[in-house]
Amino acid sequence: MKLVVLAAAAAQLPLLAIACADHDRYFYARQAASSSAAAVSGASSAAPASSAASLPPQVSVSLLSQNPTAVPLSSIIPNQATTATIPLATTFAPGATPSGISGAPPLPDISSLNAANYPPMDKAPPTDSPEVQQWIQEVASTGISIPNISHALPTAAAAADQSRCWWTCGGCTRETDVTTCPQKLTWGLTYDDGPAFYTPNLLDYLDQQSLKSTFFTIGSRILENPRILQTEYMTSHQIGVHTWSHPPLTTVSTEGIIAEFGWTKKIIKDILGVTPNTFRPPYGDIDDRVRAIATAMGLTPVMWTRISASATFDTGDFNINGGTISSSEVIQNFNQILGNASTIDTGFIVLEHDLFQETVELATGYIIPEALAFQPKLTVEPVITCQNKPLSDAYIETNNNSTNPPASVSECR
C-alpha cells in the first residue's frame, strides 16, 4: 500500500471552505480526508487508524436490490480487511484496435514505458520543462484570451464575484459545462481518480451487467496502472482527463494548469494512442480561467448534476476512506439522488470514485444494483453516449468534429 500526501492541496482546502460557505456539506470534509491521501496502490486502502467508537454511525436504509456477494455495509469502513483484486479479464497486445471506435489508431507498445519520462507522481508538474513550454506556446497560439482571475487562495469577496463563474461557490456553469444527460432518467455513469488497485473489480462487475462508464483518470495513477487504462479503453469505456496530481485548479497558476492537463493528455495518448477531449476538474473546482485554458487545450468540462446548494449528485463515497461518512450514509445519499433524478426533466451525472476498496465495494455491491432495480427504469451509459454522441467523439484523433465540434471561447463565458 502506498500513501502519498499532497500537503499543498490539503493546506489550501480549509481556506477555500472559509471563502465559500454554501458549498455542499461533504465537499470540504472530503478534501481534508482525501487530498492527503490522493494515491493508493497495492493491497489496501489508505486511511487513518479508526476505532469503532470514532466511526460515523450507520443509518437505516431501504434497499431495492443488492449484489448477493456484497460486503456487509457494516464492514465497509476505514482500515477494513483487504481483499484480493480480480485479475484483468483481458490484456491487449500492441497494435490492437478497439471495436467500438471507428478509425482508432493501433494500441501503442507500452513495454518500454519509463516513469523517468514523466513528472514525479502526485506532485505538481514543473512548468519549465520543454514539453510544458511547448504546450504554453500552443495555448497562446490559439488566440483564446485567458481571464485575469487570480489563483491566490480565494477570499469571501472572490467567492461573491459572479463574473468569474466559480462552480465551487454557487454552482455557476457555462454552456460548455456538461452537467446532465439530455434524456430524462438517463444516468451518465462516471468514476474518478483511477485507474487504481480495485478498478479491475469494478470493470468485472460492469462487464457482468453489460454496462459502460466514463473514467476520469489521474496521470499519476495511469503511470502506475497503464494496463488497467488500456483495458478500460479497449472494452469501450470512455476515458477522460482528471489532471496529473489532483489539485483544486482555481488555486493553480495558468502555467501549472497547462502542465496538469498536458502531462495527463500525453500519458493517455502514449498508452492508448488517442487523446481525450473531456476532463473533470478535481473537487469540481472550476472558474472561467480554468474553462478558457481547457478550451485552448481541447478539453470540455464534465461536472456532476447539481439542482441546489444542498442537492448535488455526489454520493460522498470518497469520504468513507477518511472516516467522515458511513457506508450506509452513502447509500442514503444515492437513494436521495435517485429521488431527485425522478423529479427533473433531464438525465443526471453522479460523482463516484474507483480509487479505494470501499468505493468499489459500494458501487458493485449496492449502488449499481440499486440503480438497476429502480423504477421507472434508468438508462445507464457513459457521458459521451448520454450526450447522444458516438464513443469515437470522445477522443481528439477520432472525433470528426461534425457531431462534437470543439467548444468555442464564447461558450466559456
# chains A, B, ... in the order shown; residues from 1 in each chain; ligands from 1
$ select_by_dssp --residues "stretch 74-240 of chain A" --states "strand (DSSP E or B)" --output "list of chain:residue names"
A:Val178, A:Thr186, A:Trp187, A:Gly188, A:Thr190, A:Tyr191, A:Asp192, A:Thr214, A:Phe215, A:Phe216, A:Thr217, A:Gln238, A:Ile239, A:Gly240
$ residues_around --residues "A:Thr235" --least-positions-apart "6" --cutoff "9 Å" --atoms "only C-alpha atoms" --output "list in words"
Pro98, Ser99, Gly100, Asp207 and Lys212 of chain A
$ select_by_dssp --residues "stretch 100-314 of chain A" --states "helix (DSSP H, G or I)" --output "number ranges by chain"
A: 115-117, 130-141, 156-160, 162-164, 199-208, 219-224, 226-234, 249-251, 254-272, 282-284, 288-296
$ closest_atom_pairs --of "stretch 87-200 of chain A" --to "stretch 274-290 of chain A" --cutoff "9 Å" --atoms "only C-alpha atoms" --output "Markdown table"
| residue | atom | partner | partner_atom | distance |
| --- | --- | --- | --- | --- |
| A:Ala104 | CA | A:Val274 | CA | 7.6 |
| A:Pro105 | CA | A:Val274 | CA | 7.3 |
| A:Leu107 | CA | A:Val274 | CA | 8.8 |
| A:Ile146 | CA | A:Arg289 | CA | 5.8 |
| A:Pro147 | CA | A:Arg289 | CA | 5.1 |
| A:Asn148 | CA | A:Arg289 | CA | 7.3 |
| A:Ile149 | CA | A:Arg289 | CA | 6.3 |
| A:Ser150 | CA | A:Arg289 | CA | 8.9 |
| A:Ser163 | CA | A:Asp288 | CA | 8.5 |
| A:Arg164 | CA | A:Asp288 | CA | 5.5 |
| A:Cys165 | CA | A:Asp287 | CA | 5.3 |
| A:Trp166 | CA | A:Asp287 | CA | 4.3 |
| A:Trp167 | CA | A:Ile286 | CA | 5.7 |
| A:Thr168 | CA | A:Asp285 | CA | 5.4 |
| A:Cys169 | CA | A:Asp285 | CA | 8.9 |
| A:Cys172 | CA | A:Asp287 | CA | 8.3 |
| A:Thr173 | CA | A:Asp287 | CA | 8.5 |
| A:Arg174 | CA | A:Asp288 | CA | 8.5 |
| A:Asp192 | CA | A:Arg280 | CA | 8.3 |
| A:Asp193 | CA | A:Pro282 | CA | 8.8 |
$ residues_around --residues "stretch 87-92 of chain A" --least-positions-apart "3" --cutoff "9 Å" --atoms "only C-alpha atoms" --output "JSON, numbers by chain"
{"A": [95, 96, 107, 200, 201, 203, 204, 227, 228, 230, 231, 234]}
$ closest_atom_pairs --of "stretch 299-352 of chain A" --to "stretch 179-182 of chain A" --cutoff "9 Å" --atoms "only C-alpha atoms" --output "JSON lines"
{"residue": "A:Pro301", "atom": "CA", "partner": "A:Thr179", "partner_atom": "CA", "distance": 8.7}
{"residue": "A:Val302", "atom": "CA", "partner": "A:Thr179", "partner_atom": "CA", "distance": 6.2}
{"residue": "A:Met303", "atom": "CA", "partner": "A:Thr179", "partner_atom": "CA", "distance": 5.1}
{"residue": "A:Trp304", "atom": "CA", "partner": "A:Thr179", "partner_atom": "CA", "distance": 5.1}
{"residue": "A:Thr305", "atom": "CA", "partner": "A:Thr179", "partner_atom": "CA", "distance": 5.0}
{"residue": "A:Arg306", "atom": "CA", "partner": "A:Thr179", "partner_atom": "CA", "distance": 7.6}
{"residue": "A:Asp345", "atom": "CA", "partner": "A:Pro182", "partner_atom": "CA", "distance": 8.4}
{"residue": "A:Thr346", "atom": "CA", "partner": "A:Pro182", "partner_atom": "CA", "distance": 5.1}
{"residue": "A:Gly347", "atom": "CA", "partner": "A:Cys181", "partner_atom": "CA", "distance": 4.4}
{"residue": "A:Phe348", "atom": "CA", "partner": "A:Thr180", "partner_atom": "CA", "distance": 4.5}
{"residue": "A:Ile349", "atom": "CA", "partner": "A:Thr180", "partner_atom": "CA", "distance": 5.5}
$ closest_residue --among "A:Leu211, A:Ile268, A:Ala116, A:Ile136" --to "A:Thr190" --atoms "only C-alpha atoms"
A:Leu211
$ closest_residue --among "A:Thr69, A:Thr217, A:Ser310, A:Asn319" --to "A:Gln336" --atoms "only C-alpha atoms"
A:Ser310
$ closest_residue --among "A:Gln375, A:Asn401, A:Ser392, A:Ser112" --to "A:Gly339" --atoms "only C-alpha atoms"
A:Gln375
$ residues_around --residues "A:Ala140" --least-positions-apart "4" --cutoff "12 Å" --atoms "only C-alpha atoms" --output "NGL selection string"
:A and (133-136 or 144-146 or 254-255 or 258 or 292-293 or 295-297)
$ write_last_selection --atoms "N, CA and C atoms" --output "compact mmCIF listing (two decimals), in the first residue's frame"
# COMPACT_ATOMS: atom_id res chain seq x y z
N GLN A 133 6.65 24.04 -21.80
CA GLN A 133 6.87 25.29 -22.52
C GLN A 133 6.24 25.24 -23.91
N GLN A 134 6.29 24.08 -24.55
CA GLN A 134 5.65 23.93 -25.86
C GLN A 134 4.13 24.05 -25.73
N TRP A 135 3.56 23.42 -24.70
CA TRP A 135 2.11 23.49 -24.52
C TRP A 135 1.67 24.92 -24.20
N ILE A 136 2.48 25.65 -23.45
CA ILE A 136 2.16 27.05 -23.15
C ILE A 136 2.10 27.85 -24.45
N ILE A 144 -7.03 32.31 -27.75
CA ILE A 144 -8.04 32.35 -26.71
C ILE A 144 -7.51 33.17 -25.54
N SER A 145 -8.28 34.15 -25.13
CA SER A 145 -7.87 35.02 -24.02
C SER A 145 -8.15 34.32 -22.70
N ILE A 146 -7.12 34.24 -21.87
CA ILE A 146 -7.26 33.63 -20.55
C ILE A 146 -7.62 34.75 -19.56
N THR A 254 -1.80 29.59 -14.24
CA THR A 254 -2.17 29.21 -15.61
C THR A 254 -1.17 28.21 -16.18
N GLU A 255 0.12 28.48 -15.97
CA GLU A 255 1.14 27.56 -16.47
C GLU A 255 1.04 26.19 -15.79
N ILE A 258 -1.84 24.23 -17.30
CA ILE A 258 -1.41 23.70 -18.60
C ILE A 258 -0.56 22.46 -18.41
N ALA A 292 -11.25 28.54 -19.83
CA ALA A 292 -10.57 29.05 -21.02
C ALA A 292 -9.32 28.25 -21.33
N ILE A 293 -8.55 27.90 -20.32
CA ILE A 293 -7.35 27.08 -20.54
C ILE A 293 -7.75 25.72 -21.10
N THR A 295 -10.43 24.97 -22.83
CA THR A 295 -10.87 25.14 -24.21
C THR A 295 -9.67 25.25 -25.15
N ALA A 296 -8.67 26.01 -24.73
CA ALA A 296 -7.47 26.16 -25.56
C ALA A 296 -6.73 24.84 -25.72
N MET A 297 -6.94 23.90 -24.79
CA MET A 297 -6.26 22.61 -24.87
C MET A 297 -7.20 21.49 -25.32
$ closest_residue --among "A:Thr186, A:Ser75, A:Ser210, A:Gln58" --to "A:Gln387" --atoms "only C-alpha atoms"
A:Thr186
$ atom_distance --atom1 "atom CA of A:Ser308" --atom2 "atom CA of A:Pro248"
21.4 Å
$ closest_residue --among "A:Ala371, A:Leu185, A:Ile331, A:Leu249" --to "A:Ile344" --atoms "only C-alpha atoms"
A:Leu185
$ closest_residue --among "A:Leu55, A:Ser253, A:Lys184, A:Trp244" --to "A:Asn79" --atoms "only C-alpha atoms"
A:Leu55
$ residues_around --residues "A:Pro195" --least-positions-apart "6" --cutoff "9 Å" --atoms "only C-alpha atoms" --output "list in words"
Phe215, Phe216, Thr217, Ile218, Arg221, Ile222, Glu224, Asn225, Pro226, Ile228, Leu229, Glu232, Asp354 and Leu355 of chain A
$ residues_around --residues "A:Phe374" --least-positions-apart "6" --cutoff "10 Å" --atoms "only C-alpha atoms" --output "PyMOL selection string"
chain A and resi 63-65+335+338-339+368
$ atom_distance --atom1 "atom CA of A:Ala259" --atom2 "atom CA of A:Gln162"
27.1 Å
